[in-house]
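Data block for data-v3.cif (mmCIF, C-alpha atoms and all ligand atoms):
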data_protein
loop_
_atom_site.label_atom_id
_atom_site.label_comp_id
_atom_site.auth_asym_id
_atom_site.auth_seq_id
_atom_site.Cartn_x
_atom_site.Cartn_y
_atom_site.Cartn_z
CA MET A 30 -17.28 -4.43 -16.79
CA GLU A 31 -14.57 -1.88 -17.66
CA PHE A 32 -11.19 -2.03 -16.00
CA THR A 33 -7.81 -0.33 -16.02
CA LYS A 34 -4.59 -2.00 -14.94
CA GLY A 35 -2.06 0.08 -13.04
CA HIS A 36 0.91 -0.23 -10.71
CA GLY A 37 3.13 1.69 -8.31
CA THR A 38 6.67 0.25 -8.08
CA GLY A 39 5.29 -3.11 -9.22
CA ASN A 40 2.44 -3.25 -6.67
CA ASP A 41 -0.29 -3.87 -9.26
CA PHE A 42 -4.00 -3.27 -9.22
CA VAL A 43 -7.14 -3.89 -11.21
CA ILE A 44 -8.98 -0.56 -11.18
CA LEU A 45 -12.77 -0.74 -11.50
CA PRO A 46 -14.60 2.51 -12.21
CA ASP A 47 -17.94 2.42 -10.38
CA PRO A 48 -18.81 6.09 -9.68
CA ASP A 49 -22.36 5.40 -8.52
CA GLY A 50 -21.61 2.24 -6.55
CA THR A 51 -23.76 -0.11 -8.66
CA LEU A 52 -21.18 -2.88 -9.13
CA GLU A 53 -21.75 -6.02 -7.04
CA LEU A 54 -18.18 -6.59 -5.93
CA THR A 55 -17.79 -9.82 -3.96
CA PRO A 56 -14.68 -11.47 -2.45
CA GLY A 57 -15.01 -14.19 -5.11
CA LEU A 58 -15.09 -11.69 -7.98
CA VAL A 59 -12.08 -9.81 -6.57
CA ALA A 60 -10.06 -13.03 -6.22
CA ALA A 61 -11.01 -14.10 -9.77
CA LEU A 62 -10.02 -10.73 -11.27
CA CYS A 63 -6.69 -10.81 -9.43
CA ASP A 64 -5.90 -14.38 -10.55
CA ARG A 65 -2.72 -14.10 -12.64
CA ARG A 66 -3.53 -17.09 -14.85
CA ARG A 67 -7.30 -17.03 -15.23
CA GLY A 68 -8.07 -13.39 -14.58
CA ILE A 69 -6.47 -9.99 -15.21
CA GLY A 70 -3.95 -10.36 -12.42
CA GLY A 71 -3.14 -8.02 -9.58
CA ASP A 72 -2.15 -7.66 -5.94
CA GLY A 73 -5.52 -6.07 -5.32
CA VAL A 74 -8.58 -4.26 -6.67
CA LEU A 75 -9.25 -0.54 -6.45
CA ARG A 76 -12.92 0.27 -6.92
CA VAL A 77 -13.35 3.95 -7.83
CA VAL A 78 -16.62 5.01 -6.23
CA ARG A 79 -18.06 8.31 -5.02
CA ALA A 80 -17.73 8.47 -1.23
CA ALA A 81 -21.43 9.34 -1.03
CA HIS A 82 -22.25 6.00 -2.73
CA HIS A 83 -20.28 3.66 -0.49
CA ALA A 84 -21.22 2.64 3.05
CA ASP A 85 -17.58 2.97 4.24
CA GLY A 86 -17.10 6.34 2.53
CA VAL A 87 -20.32 8.22 3.12
CA ALA A 88 -19.21 9.74 6.44
CA LEU A 89 -16.23 11.30 4.61
CA ALA A 90 -18.20 12.58 1.60
CA ASP A 91 -17.99 16.19 2.80
CA GLU A 92 -14.18 15.99 2.76
CA ALA A 93 -13.53 13.89 -0.37
CA GLU A 94 -15.59 13.19 -3.49
CA TRP A 95 -13.93 9.83 -4.18
CA PHE A 96 -13.59 6.71 -2.02
CA MET A 97 -10.82 4.15 -2.63
CA ASP A 98 -12.54 0.80 -2.04
CA TYR A 99 -9.41 -1.37 -1.71
CA TRP A 100 -9.49 -5.19 -1.73
CA ASN A 101 -6.55 -7.60 -1.41
CA SER A 102 -6.13 -10.31 -4.07
CA ASP A 103 -7.63 -12.98 -1.76
CA GLY A 104 -10.88 -11.00 -1.63
CA SER A 105 -10.40 -9.44 1.82
CA ALA A 106 -10.95 -5.70 2.20
CA ALA A 107 -8.20 -3.61 3.83
CA GLU A 108 -8.21 -0.23 5.52
CA MET A 109 -5.51 1.41 3.46
CA CYS A 110 -3.13 0.91 0.55
CA GLY A 111 -0.42 3.53 0.02
CA ASN A 112 0.58 2.52 -3.52
CA GLY A 113 -3.07 1.95 -4.32
CA ALA A 114 -3.92 5.52 -3.29
CA ARG A 115 -1.17 6.87 -5.56
CA VAL A 116 -2.38 4.80 -8.54
CA PHE A 117 -6.01 5.69 -7.71
CA VAL A 118 -5.18 9.39 -8.00
CA ARG A 119 -3.35 8.85 -11.30
CA TYR A 120 -6.53 7.13 -12.56
CA LEU A 121 -8.85 9.92 -11.33
CA LEU A 122 -6.76 12.50 -13.16
CA GLU A 123 -6.21 10.60 -16.41
CA SER A 124 -9.86 9.52 -16.69
CA GLY A 125 -11.06 13.08 -16.09
CA LEU A 126 -12.96 12.15 -12.91
CA ALA A 127 -10.88 14.75 -11.08
CA ALA A 128 -9.34 17.90 -12.47
CA PRO A 129 -5.59 18.41 -12.30
CA SER A 130 -4.84 21.39 -10.12
CA GLY A 131 -1.96 22.74 -8.13
CA ALA A 132 -3.76 21.84 -4.93
CA VAL A 133 -3.84 18.52 -3.13
CA LEU A 134 -6.61 16.07 -4.02
CA PRO A 135 -8.39 14.42 -1.08
CA VAL A 136 -9.29 10.70 -1.29
CA ALA A 137 -11.43 8.89 1.27
CA THR A 138 -10.23 5.47 2.48
CA ARG A 139 -11.26 3.12 5.27
CA ALA A 140 -8.40 4.66 7.28
CA GLY A 141 -9.65 8.23 6.77
CA VAL A 142 -8.91 10.91 4.18
CA VAL A 143 -5.49 11.03 2.50
CA ARG A 144 -4.30 13.89 0.32
CA ALA A 145 -2.41 13.51 -2.94
CA ARG A 146 -0.37 15.69 -5.26
CA VAL A 147 1.20 14.96 -8.62
CA GLU A 148 4.99 15.13 -8.74
CA GLY A 149 6.02 14.81 -12.42
CA GLU A 150 5.70 11.12 -13.34
CA GLY A 151 4.92 10.26 -9.75
CA VAL A 152 2.16 10.79 -7.24
CA ALA A 153 2.70 11.52 -3.55
CA VAL A 154 0.09 10.87 -0.87
CA GLU A 155 -0.02 12.38 2.58
CA MET A 156 -1.16 10.00 5.29
CA ARG A 157 -1.13 10.22 9.02
CA ARG A 158 2.12 9.48 10.82
CA PRO A 159 2.78 5.77 11.43
CA ARG A 160 2.26 4.82 15.10
CA LEU A 161 4.99 2.65 16.57
CA ALA A 162 3.24 0.17 18.83
CA GLY A 163 5.82 -2.00 20.58
CA ALA A 164 7.69 -5.21 19.97
CA SER A 165 6.54 -8.46 18.41
CA VAL A 166 8.12 -11.39 16.57
CA ALA A 167 7.71 -12.90 13.08
CA GLY A 168 8.49 -16.55 12.43
CA LEU A 169 10.02 -17.47 9.08
CA GLY A 170 11.45 -20.83 8.09
CA GLY A 171 12.35 -21.73 11.68
CA LEU A 172 13.82 -18.28 12.44
CA ALA A 173 12.30 -16.00 15.06
CA LEU A 174 12.75 -12.39 13.87
CA PRO A 175 12.03 -9.69 16.46
CA GLY A 176 10.41 -6.56 15.10
CA THR A 177 8.28 -3.50 15.76
CA ALA A 178 4.51 -3.36 15.35
CA VAL A 179 3.44 -0.27 13.41
CA ASP A 180 -0.03 1.06 12.67
CA VAL A 181 -0.27 2.95 9.37
CA GLY A 182 -4.04 2.71 9.26
CA ASN A 183 -3.40 -0.96 8.48
CA PRO A 184 -1.19 -3.25 10.60
CA HIS A 185 2.53 -3.85 9.98
CA LEU A 186 5.40 -5.69 11.62
CA VAL A 187 8.85 -4.37 10.67
CA CYS A 188 11.63 -6.92 11.18
CA PRO A 189 15.34 -6.19 10.62
CA VAL A 190 17.10 -9.10 8.95
CA PRO A 191 19.94 -10.39 11.16
CA ALA A 192 23.55 -9.72 10.08
CA GLY A 193 24.86 -12.46 7.82
CA LEU A 194 21.48 -13.18 6.26
CA GLU A 195 20.72 -11.76 2.78
CA LEU A 196 17.30 -10.22 2.18
CA SER A 197 17.21 -12.11 -1.13
CA ALA A 198 17.74 -15.42 0.70
CA LEU A 199 14.47 -15.21 2.63
CA ASP A 200 11.81 -17.66 1.52
CA LEU A 201 8.61 -15.63 1.25
CA THR A 202 6.66 -18.28 -0.64
CA ARG A 203 4.96 -19.00 2.68
CA ALA A 204 3.27 -16.63 5.08
CA PRO A 205 5.38 -15.60 8.08
CA GLU A 206 4.01 -16.57 11.47
CA PHE A 207 2.90 -13.80 13.81
CA ASP A 208 1.27 -13.35 17.20
CA PRO A 209 -2.52 -13.29 16.70
CA VAL A 210 -2.98 -11.62 20.08
CA VAL A 211 -0.98 -8.59 18.87
CA PHE A 212 -2.45 -8.76 15.35
CA PRO A 213 -5.98 -10.19 15.63
CA ALA A 214 -6.84 -9.05 12.08
CA GLY A 215 -3.56 -10.30 10.54
CA VAL A 216 -0.50 -8.25 9.61
CA ASN A 217 1.74 -7.17 6.73
CA VAL A 218 5.32 -8.19 7.52
CA GLU A 219 8.35 -6.20 6.25
CA PHE A 220 11.88 -7.61 6.27
CA VAL A 221 14.51 -4.88 6.23
CA THR A 222 18.23 -4.23 5.79
CA VAL A 223 20.07 -0.90 5.90
CA GLY A 224 21.31 0.49 2.55
CA ASP A 225 24.23 2.76 1.61
CA PRO A 226 23.71 6.53 2.07
CA VAL A 227 21.57 8.19 -0.62
CA ASP A 228 21.85 11.90 -1.57
CA GLY A 229 19.05 13.97 -0.09
CA ALA A 230 17.86 11.25 2.29
CA ASP A 231 18.45 10.89 6.03
CA GLY A 232 18.12 7.14 5.76
CA HIS A 233 18.13 4.35 3.18
CA VAL A 234 16.66 0.89 3.68
CA ARG A 235 15.85 -2.10 1.51
CA MET A 236 12.80 -4.19 2.20
CA ARG A 237 10.78 -7.20 1.10
CA VAL A 238 7.21 -7.60 2.21
CA TYR A 239 4.69 -10.37 2.74
CA GLU A 240 1.31 -8.71 2.54
CA ARG A 241 -1.76 -9.81 4.42
CA GLY A 242 -4.22 -11.01 1.80
CA SER A 243 -1.85 -10.80 -1.17
CA ALA A 244 1.33 -12.82 -0.28
CA GLU A 245 4.74 -11.43 -1.34
CA THR A 246 4.36 -8.29 -3.46
CA HIS A 247 6.96 -6.17 -5.25
CA SER A 248 6.13 -3.14 -3.13
CA CYS A 249 3.95 -1.93 -0.29
CA GLY A 250 3.49 1.80 0.28
CA THR A 251 2.15 1.66 3.81
CA GLY A 252 4.89 -0.90 4.54
CA ALA A 253 7.50 1.58 3.29
CA CYS A 254 6.07 4.22 5.66
CA ALA A 255 6.23 1.77 8.58
CA VAL A 256 9.82 0.84 7.73
CA ALA A 257 10.84 4.51 7.38
CA ALA A 258 9.37 5.38 10.79
CA VAL A 259 11.33 2.53 12.40
CA ALA A 260 14.55 3.50 10.55
CA LEU A 261 14.27 7.10 11.76
CA ARG A 262 13.53 5.99 15.32
CA ASP A 263 16.58 3.70 15.23
CA GLY A 264 18.62 6.72 14.11
CA GLY A 265 17.32 8.73 17.07
CA ARG A 266 14.97 10.94 15.02
CA ASP A 267 11.28 11.13 14.39
CA THR A 268 11.23 13.30 11.28
CA GLY A 269 13.24 13.06 8.06
CA VAL A 270 13.44 11.58 4.58
CA VAL A 271 14.01 7.87 3.98
CA ALA A 272 14.63 6.16 0.61
CA VAL A 273 13.00 2.73 0.67
CA ASP A 274 14.08 0.24 -2.00
CA VAL A 275 11.58 -2.51 -2.74
CA PRO A 276 11.88 -5.26 -5.38
CA GLY A 277 9.81 -3.04 -7.74
CA GLY A 278 11.82 0.17 -7.42
CA ARG A 279 12.26 3.07 -4.99
CA LEU A 280 9.76 4.85 -2.76
CA VAL A 281 10.59 7.97 -0.78
CA VAL A 282 8.98 8.56 2.61
CA THR A 283 9.04 11.95 4.31
CA LEU A 284 7.98 12.10 7.93
CA THR A 285 7.11 15.52 9.25
CA ALA A 286 5.94 16.39 12.75
CA ARG A 287 2.33 16.16 11.53
CA SER A 288 2.17 13.63 8.71
CA CYS A 289 3.80 11.13 6.39
CA TRP A 290 4.31 11.64 2.64
CA LEU A 291 4.79 8.61 0.38
CA SER A 292 6.21 9.40 -3.09
CA GLY A 293 6.93 7.26 -6.13
CA PRO A 294 5.87 6.37 -9.64
CA ALA A 295 2.20 5.63 -10.39
CA VAL A 296 1.57 4.11 -13.80
CA LEU A 297 -1.54 3.15 -15.78
CA VAL A 298 -0.78 0.20 -18.07
CA ALA A 299 -3.91 -0.65 -20.04
CA THR A 300 -7.66 -0.26 -20.18
CA GLY A 301 -10.11 -2.92 -21.30
CA GLU A 302 -13.38 -4.68 -20.79
CA VAL A 303 -13.94 -8.00 -19.03
CA SER A 304 -15.50 -10.48 -21.50
CA PRO A 305 -19.21 -10.94 -20.77
CA GLY A 306 -18.99 -14.76 -20.58
CA TRP A 307 -15.96 -14.83 -18.28
N1 LIG B 401 0.16 -2.77 -0.92
C1 LIG B 401 -0.47 -1.88 -0.05
C2 LIG B 401 -1.12 -2.42 1.19
C3 LIG B 401 -2.36 -3.24 0.83
C4 LIG B 401 -3.16 -3.70 2.02
C5 LIG B 401 -2.49 -4.75 2.85
N2 LIG B 401 -2.23 -5.97 2.12
C6 LIG B 401 -3.36 -5.03 4.08
O1 LIG B 401 -4.12 -6.01 4.09
O2 LIG B 401 -3.27 -4.26 5.02
C7 LIG B 401 0.26 -0.57 0.13
O3 LIG B 401 0.85 -0.12 -0.86
O4 LIG B 401 0.16 0.05 1.18
#

Before anything else, please render the file you have as structure tokens.
Amino acid sequence: MEFTKGHGTGNDFVILPDPDGTLELTPGLVAALCDRRRGIGGDGVLRVVRAAHHADGVALADEAEWFMDYWNSDGSAAEMCGNGARVFVRYLLESGLAAPSGAVLPVATRAGVVRARVEGEGVAVEMRRPRLAGASVAGLGGLALPGTAVDVGNPHLVCPVPAGLELSALDLTRAPEFDPVVFPAGVNVEFVTVGDPVDGADGHVRMRVYERGSAETHSCGTGACAVAAVALRDGGRDTGVVAVDVPGGRLVVTLTARSCWLSGPAVLVATGEVSPGW
């Protein structure tokens, strides 16, 4: 089995090329590949499969040739992964599966078709606008942190960190508690503080994230979009540019009246083959 390792702001993935959908990918195999001691290591797996050859992609095959089959490191499948989509597009282009062009490249996901464009060293993806869905609360180490539920194709809960508490002081070695009535399929939880003004941005926030199915990661693209939408709302706007600093670097989110662009670096690290006896 061939693989490529890649990351976007430290959100890392094992990329499995499977154009014709012949690979038997199971939750157990995904978890073993993502194991950082006994496997390759990653926050998730990106299977690169033609939309026409995947049950969840076939309905979108007229709009996009490729389907991003995203799995979290615990072996659960998720609807969408923003950093994953950016790294997926970098892989399509560098492997020659898609031709570089000035136009946007469509990619099918479980949350619909996203569109990507290369921006120098980075890749930007256009997703639908995050939907702000009301209030909820995350529990962390005895603290109750009120936040906003946001749907970015996958579920998020954006919680400002109270004044006097450092983002770096939060213990994210354990999963935050959440309301299963609001989030019956689980949730990604972002913890946020406001940053100093940044040139060219309408807002600047810093975040840490505990991802459903992957624990704390160094970055979450859909999480950054959720956080940006909340930051703009809190500033009385619904469009604008927000710089989002994550432990793995900086993402830039641009909300327009119609959509949401997520920009940042997308890097391929290595290519190899899984040993047959593994
Ligand atoms: N890291 C991702 C999100 C991956 C999926 C998430 N853990 C979920 O289960 O919804 C991103 O960059 O968006």

Residues within 10 Å of stretch 139-154 of chain A, only C-alpha atoms, excluding chain neighbours under 5 positions, as a PyMOL selection string: chain A and resi 37+85-86+88-90+92-93+95-99+106-112+114-119+122+129-134+181-183+250+280-282+289-296

Polymer residues at most 8 Å from (-18.6, 11.9, -6.0) by all atoms listed in the file, as a VMD selection string: chain A and resid 48 to 49 78 to 82 90 93 to 95

Non-local contacts of A:Arg241 (7 Å; only C-alpha atoms; under 6 positions in same chain excluded) as a PyMOL selection string: chain A and resi 215-217

Contact residues around A:Leu297 with only C-alpha atoms at 8 Å, ignoring same-chain residues under 4 positions, as a list of chain:residue names: A:Thr33, A:Lys34, A:Gly35, A:His36, A:Val116, A:Arg119, A:Tyr120

Counting only C-alpha atoms, write as a compact mmCIF listing (two decimals) with C-alpha atoms, in the frame of the given file all protein and nucleic acid residues lying at most 12 Å from (10.5, 3.5, 6.3) in the file's frame.
# COMPACT_ATOMS: atom_id res chain seq x y z
CA ARG A 158 2.12 9.48 10.82
CA PRO A 159 2.78 5.77 11.43
CA LEU A 161 4.99 2.65 16.57
CA THR A 177 8.28 -3.50 15.76
CA VAL A 179 3.44 -0.27 13.41
CA VAL A 181 -0.27 2.95 9.37
CA HIS A 185 2.53 -3.85 9.98
CA LEU A 186 5.40 -5.69 11.62
CA VAL A 187 8.85 -4.37 10.67
CA CYS A 188 11.63 -6.92 11.18
CA PRO A 189 15.34 -6.19 10.62
CA GLU A 219 8.35 -6.20 6.25
CA PHE A 220 11.88 -7.61 6.27
CA VAL A 221 14.51 -4.88 6.23
CA THR A 222 18.23 -4.23 5.79
CA VAL A 223 20.07 -0.90 5.90
CA GLY A 224 21.31 0.49 2.55
CA ALA A 230 17.86 11.25 2.29
CA ASP A 231 18.45 10.89 6.03
CA GLY A 232 18.12 7.14 5.76
CA HIS A 233 18.13 4.35 3.18
CA VAL A 234 16.66 0.89 3.68
CA ARG A 235 15.85 -2.10 1.51
CA MET A 236 12.80 -4.19 2.20
CA ARG A 237 10.78 -7.20 1.10
CA CYS A 249 3.95 -1.93 -0.29
CA GLY A 250 3.49 1.80 0.28
CA THR A 251 2.15 1.66 3.81
CA GLY A 252 4.89 -0.90 4.54
CA ALA A 253 7.50 1.58 3.29
CA CYS A 254 6.07 4.22 5.66
CA ALA A 255 6.23 1.77 8.58
CA VAL A 256 9.82 0.84 7.73
CA ALA A 257 10.84 4.51 7.38
CA ALA A 258 9.37 5.38 10.79
CA VAL A 259 11.33 2.53 12.40
CA ALA A 260 14.55 3.50 10.55
CA LEU A 261 14.27 7.10 11.76
CA ARG A 262 13.53 5.99 15.32
CA ASP A 263 16.58 3.70 15.23
CA GLY A 264 18.62 6.72 14.11
CA ASP A 267 11.28 11.13 14.39
CA THR A 268 11.23 13.30 11.28
CA GLY A 269 13.24 13.06 8.06
CA VAL A 270 13.44 11.58 4.58
CA VAL A 271 14.01 7.87 3.98
CA ALA A 272 14.63 6.16 0.61
CA VAL A 273 13.00 2.73 0.67
CA ASP A 274 14.08 0.24 -2.00
CA VAL A 275 11.58 -2.51 -2.74
CA ARG A 279 12.26 3.07 -4.99
CA LEU A 280 9.76 4.85 -2.76
CA VAL A 281 10.59 7.97 -0.78
CA VAL A 282 8.98 8.56 2.61
CA THR A 283 9.04 11.95 4.31
CA LEU A 284 7.98 12.10 7.93
CA CYS A 289 3.80 11.13 6.39
CA TRP A 290 4.31 11.64 2.64
CA LEU A 291 4.79 8.61 0.38
CA SER A 292 6.21 9.40 -3.09

Atom CA of A:Ala244 to atom CA of A:Asp208, straight-line distance in Å: 17.5 Å

Best match for closeness to ligand LIG 401 (chain B) among A:Asp103, A:Glu240, A:Asp47, A:Glu123, counting all atoms listed in the file: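 The shortest atom-to-atom distance to ligand LIG 401 (chain B) comes from A:Glu240.
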
Selected residue of minimal separation from A:Ile44 among A:Ser124, A:Thr202, A:Thr285, A:Ser243, counting all atoms listed in the file: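 For A:Ile44, the nearest of the given residues is A:Ser124.
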
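Compared by their closest atoms to ligand LIG 401 (chain B), and using only C-alpha atoms and all ligand atoms, the residues A:Gly170, A:Pro184, A:Gly104, A:Pro209 rank with A:Pro184 nearest.
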
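Across A:Gly242, A:Gly50, A:Gly176, A:Pro56, the tightest approach to ligand LIG 401 (chain B) is made by A:Gly242 when counting all atoms listed in the file.
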
Between atom CA of A:Ser288 and atom CA of A:Asp180, distance in Å (one decimal):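 Interatomic distance here is 13.4 Å.
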
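The two atoms in question, atom CA of A:Ala173 and atom CA of A:Phe212, are spaced 16.4 Å apart.
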
Residue neighbourhood A:Ala61, 12 Å, only C-alpha atoms, exclusion window fewer than 2 positions, as a ChimeraX atom specification: /A:43,54-59,63-74,101-104,303,307

Selected residue, from A:Asp200, A:Asp41, A:Asp91, A:Asp225, that lies nearest to ligand LIG 401 (chain B) when counting all atoms listed in the file: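 Going through A:Asp200, A:Asp41, A:Asp91, A:Asp225 one by one, the smallest distance to ligand LIG 401 (chain B) is for A:Asp41.
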
Proximity to A:Ala286 - best of A:Met30, A:Ala137, A:Arg157, A:Ala198, only C-alpha atoms: A:Arg157
